[in-house]
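Below is one structure, written out as structure tokens; the observations come after it.
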Amino acid sequence: MSRRSTAECHRPTNPAARVTDVEVVDVRFPTSRELDGSDAMNPDPDYSAAYVVLRTDADDGPRGRLEGHAFTFTIGRGNEVQAAAVTALRPHVVGRSVEEVCADPGTVSRALNGDSQLRWLGPEKGVMHMAVGAVVNAVWDLAARRAGKPVWRLLADAEPEWLADQVDYRYIEDALTREEAVALLREGRKGAAEREALLLARGYPAYTTSPGWLGYSDDKLVRLAKQAVVDGFPQIKLKVGADLADDVRRLRAARAAVGPDIRIAVDANQRWNVAEAVEWTGALADSDPYWIEEPTSPDDILGHAAVRRGVAPVKVATGEHVQNRIVFKQLLQAEAIDVLQIDAARVGGVNENLAILLLAAKYRVPVCPHAGGVGLCELVRHLSMFDFVALSGTTEDRVIEYVDHLHEHFDDPVVITDGHYTAPTAPGFSSRMRPESIATYRYPDGVFWAADLAAQEKGNAS
């Protein structure tokens with residue numbers, strides 16, 4: 001039985017309150033029209049979300065009923081499959097006590113990951129695991145709203161033993177035990193109040209990928225890169241991997257635009273084989289790339305280790321498509337990466353990301369989260385801010401990715417000031433999407449997509 005969090009100072013809730021429904025909506029944004037998000041493997045993404053709302057009969061004062069919001073992230077086609085996977089989890093959640101799931105979100109995580117028949121669809125990987133992550137994240141949003149705190153503070157305020165009990169140690173005890181986790185969390189709490197004050201005053205360092213989408217012209221790349229420097233970002237990122245000559249030219253143009261002191265990361269989005277990754281990265285070396293991201297398959301631990309040996313001193317970063325804590329464990333054990341990139345919506349939610357953050361802290365590998373997608377900036381800042389305040393205690397060589405689109409669709413959008421994420425103060429996980437955005441971009445019958453389909457049919461008829 002998990003210990004209760006000291007963060008449970010919340011408004012009184014009817015102890016009989018239950019989760020009454022799990023609502024899932026297919027939401028898609030037409031980002032492919034402007035090539036936002038384009039890279040060597042994904043040239044035409046429509047950033048999308050299988051959006052989840054946990055409905056309850058618990059009172060939330062003037063806001064009505066207490067709810068939990070979350071989502072998975074996809075890039076268009078197939079989002080309906082992701083939504084169906086979330087819907088399949090509904091029987092595991094409806095009817096659960098609000099009091100109990102908020103007191104111990106790990107109960108939901110363990111139930112969903114432990115279902116003997118659903119596990120066959122993974123286990124703990126792919127569409128079903130992402131669906132589990134969405135439901136688990138919605139529980140954390142529910143718990144934080146009930147506690148009246150943002151998720152980062154809910155985590156930072158919690159007792160180390162309670163947090164350690166939120167982690168599933170199956171398959172990772174050879175790298176991290178519960179006792180080690182408790183020790184790391186206890187050490188991480190030293191000086192937490194001072195770091196929280198610094199976070200609230202200064203924010204958390206960010207880097208931007210906005211200049212570097214592969215579909216952008218050189219002129220647009222240069223203009224946005226220069227603007228990034230003006231905006232205070234210490235690092236930018238460029239997509240690479242489609243054509244070597246183009247990459248050499250684009251990276252040189254970016255380096256000339258930002259000067260020698262701004263870090264430039266490059267991201268191949270799993271495009272290469274191992275030897276190709278080493279050769280291609282070497283060809284870019286005269287522009288001083290800081291890291292090469294996803295140089296090969298995210299499942300290839302030994303391949304990443306070989307690339308790391310072959311491209312040094314360029315660092316190797318990966319994580320946005322790493323499917324679970326076990327693969328992250330092996331990447332760290334094999335010394336295959338220099339930078340670990342968590343994703344708030346890829347693995348099994350906050351609970352599994354806690355395990356990954358603890359692994360990174362033990363192996364002393366910096367965490368620089370992936371956030372290139374709808375709502376990912378909003379979510380993952382909470383995890384990095386908790387890590388800074390109450391686990392690793394540092395932002396050295398750590399930055400959160402930032403992309404400058406789609407934030408307007410959320411109730412608690414990210415705010416960037418002088419190249420830093422401002423710490424959110426509103427209760428929850430910053431995951432609630434605006435109702436008008438859902439009504440417009442719900443697929444296929446939202447206002448935008450219905451009009452788009454009608455226009456296509458009219459064009460075909462003529």
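By convention here, the chains of the structure tokens are called A, B, ... in the order presented, each chain's residues are numbered starting at 1, and ligands are numbered starting at 1 in the order presented.
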Next item on the list: List every residue of range 228-275 of chain A that DSSP, applied to the backbone, labels as alpha helix (DSSP H), and write the result as a PyMOL selection string.
Entry: chain A and resi 228-230+244-258+274-275
Restricted to N, CA and C atoms, what would the selected residues look like written as a PDB file, in the first residue's frame?
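That gives us result.pdb:
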ATOM      1  N   ALA A 228      15.573  33.828 -32.683  1.00  0.00           N
ATOM      2  CA  ALA A 228      15.765  33.006 -31.491  1.00  0.00           C
ATOM      3  C   ALA A 228      16.844  33.585 -30.588  1.00  0.00           C
ATOM      4  N   VAL A 229      17.910  34.094 -31.178  1.00  0.00           N
ATOM      5  CA  VAL A 229      18.979  34.712 -30.386  1.00  0.00           C
ATOM      6  C   VAL A 229      18.455  35.966 -29.693  1.00  0.00           C
ATOM      7  N   VAL A 230      17.713  36.770 -30.432  1.00  0.00           N
ATOM      8  CA  VAL A 230      17.127  37.976 -29.851  1.00  0.00           C
ATOM      9  C   VAL A 230      16.207  37.614 -28.686  1.00  0.00           C
ATOM     10  N   LEU A 244      22.315  15.280 -47.707  1.00  0.00           N
ATOM     11  CA  LEU A 244      23.522  15.727 -47.016  1.00  0.00           C
ATOM     12  C   LEU A 244      23.953  17.120 -47.459  1.00  0.00           C
ATOM     13  N   ALA A 245      23.941  17.378 -48.746  1.00  0.00           N
ATOM     14  CA  ALA A 245      24.360  18.696 -49.224  1.00  0.00           C
ATOM     15  C   ALA A 245      23.452  19.792 -48.669  1.00  0.00           C
ATOM     16  N   ASP A 246      22.144  19.517 -48.643  1.00  0.00           N
ATOM     17  CA  ASP A 246      21.210  20.486 -48.065  1.00  0.00           C
ATOM     18  C   ASP A 246      21.504  20.714 -46.581  1.00  0.00           C
ATOM     19  N   ASP A 247      21.790  19.633 -45.866  1.00  0.00           N
ATOM     20  CA  ASP A 247      22.057  19.756 -44.434  1.00  0.00           C
ATOM     21  C   ASP A 247      23.315  20.576 -44.173  1.00  0.00           C
ATOM     22  N   VAL A 248      24.371  20.328 -44.951  1.00  0.00           N
ATOM     23  CA  VAL A 248      25.608  21.093 -44.784  1.00  0.00           C
ATOM     24  C   VAL A 248      25.339  22.572 -45.017  1.00  0.00           C
ATOM     25  N   ARG A 249      24.603  22.876 -46.079  1.00  0.00           N
ATOM     26  CA  ARG A 249      24.313  24.277 -46.408  1.00  0.00           C
ATOM     27  C   ARG A 249      23.444  24.932 -45.326  1.00  0.00           C
ATOM     28  N   ARG A 250      22.400  24.245 -44.904  1.00  0.00           N
ATOM     29  CA  ARG A 250      21.485  24.809 -43.917  1.00  0.00           C
ATOM     30  C   ARG A 250      22.173  25.025 -42.573  1.00  0.00           C
ATOM     31  N   LEU A 251      22.984  24.060 -42.163  1.00  0.00           N
ATOM     32  CA  LEU A 251      23.656  24.192 -40.881  1.00  0.00           C
ATOM     33  C   LEU A 251      24.678  25.323 -40.912  1.00  0.00           C
ATOM     34  N   ARG A 252      25.377  25.466 -42.010  1.00  0.00           N
ATOM     35  CA  ARG A 252      26.313  26.590 -42.133  1.00  0.00           C
ATOM     36  C   ARG A 252      25.575  27.928 -42.106  1.00  0.00           C
ATOM     37  N   ALA A 253      24.428  27.987 -42.768  1.00  0.00           N
ATOM     38  CA  ALA A 253      23.647  29.224 -42.748  1.00  0.00           C
ATOM     39  C   ALA A 253      23.174  29.541 -41.337  1.00  0.00           C
ATOM     40  N   ALA A 254      22.737  28.509 -40.596  1.00  0.00           N
ATOM     41  CA  ALA A 254      22.298  28.716 -39.218  1.00  0.00           C
ATOM     42  C   ALA A 254      23.452  29.171 -38.334  1.00  0.00           C
ATOM     43  N   ARG A 255      24.623  28.552 -38.503  1.00  0.00           N
ATOM     44  CA  ARG A 255      25.775  28.945 -37.687  1.00  0.00           C
ATOM     45  C   ARG A 255      26.163  30.389 -37.965  1.00  0.00           C
ATOM     46  N   ALA A 256      26.144  30.794 -39.220  1.00  0.00           N
ATOM     47  CA  ALA A 256      26.463  32.188 -39.553  1.00  0.00           C
ATOM     48  C   ALA A 256      25.433  33.141 -38.955  1.00  0.00           C
ATOM     49  N   ALA A 257      24.174  32.683 -38.858  1.00  0.00           N
ATOM     50  CA  ALA A 257      23.108  33.545 -38.338  1.00  0.00           C
ATOM     51  C   ALA A 257      23.207  33.736 -36.835  1.00  0.00           C
ATOM     52  N   VAL A 258      23.585  32.686 -36.096  1.00  0.00           N
ATOM     53  CA  VAL A 258      23.546  32.763 -34.629  1.00  0.00           C
ATOM     54  C   VAL A 258      24.901  33.034 -34.001  1.00  0.00           C
ATOM     55  N   VAL A 274      23.632   2.850 -38.543  1.00  0.00           N
ATOM     56  CA  VAL A 274      24.680   3.270 -37.613  1.00  0.00           C
ATOM     57  C   VAL A 274      25.856   3.912 -38.335  1.00  0.00           C
ATOM     58  N   ALA A 275      26.418   3.220 -39.327  1.00  0.00           N
ATOM     59  CA  ALA A 275      27.582   3.758 -40.029  1.00  0.00           C
ATOM     60  C   ALA A 275      27.235   5.069 -40.742  1.00  0.00           C
TER      61      ALA A 275
END
Next item on the list: Might you pull out every residue within 12 Å of Trp213 in chain A, with only C-alpha atoms counted and same-chain residues fewer than 3 positions away left off, and present them as JSON, numbers by chain?
Entry: {"A": [31, 32, 34, 35, 36, 37, 38, 39, 40, 41, 42, 43, 44, 45, 208, 209, 210, 216, 217, 218, 220, 221, 222, 224, 225, 236, 237, 238, 239, 240, 241, 242, 247, 250, 266, 267, 268, 269, 372, 403, 404]}
For the interface of range 54-78 of chain A with range 410-420 of chain A (cut-off 12 Å, counting only C-alpha atoms), please tabulate each contacting residue of range 54-78 of chain A alongside its nearest pair of atoms and their separation in Å to one decimal, rows sorted by chain and increasing number, as a tab-separated table.
residue	atom	partner	partner_atom	distance
A:His69	CA	A:Phe410	CA	11.0
A:Ala70	CA	A:Phe410	CA	11.2
A:Phe71	CA	A:Phe410	CA	12.0
Checklist line | Contact residues around Glu179 in chain A with only C-alpha atoms at 12 Å, ignoring same-chain residues under 3 positions, as a PyMOL selection string | finding: chain A and resi 160-161+163-165+167+169+173+175-176+182-186+358
Next item on the list: Compare A:Asp343, A:Ala85, A:Asn351, A:Thr177 by their minimum atom-to-atom distance to Arg110 in chain A, counting only C-alpha atoms, and give me the closest one.
Entry: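 Between A:Asp343, A:Ala85, A:Asn351, A:Thr177, the residue approaching Arg110 in chain A most closely is A:Asn351.
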Next item on the list: Rank A:Pro62, A:Gly319, A:Gly133, A:Pro427 by their smallest atom-to-atom distance to Val108 in chain A, using only C-alpha atoms, and report the top residue only.
Entry: A:Gly133
Notebook entry, point to check: So which one's closest to Gln323 in chain A, A:Lys362, A:Arg309, A:His129, A:Arg263? Using only C-alpha atoms, please.
Noted result: A:His129
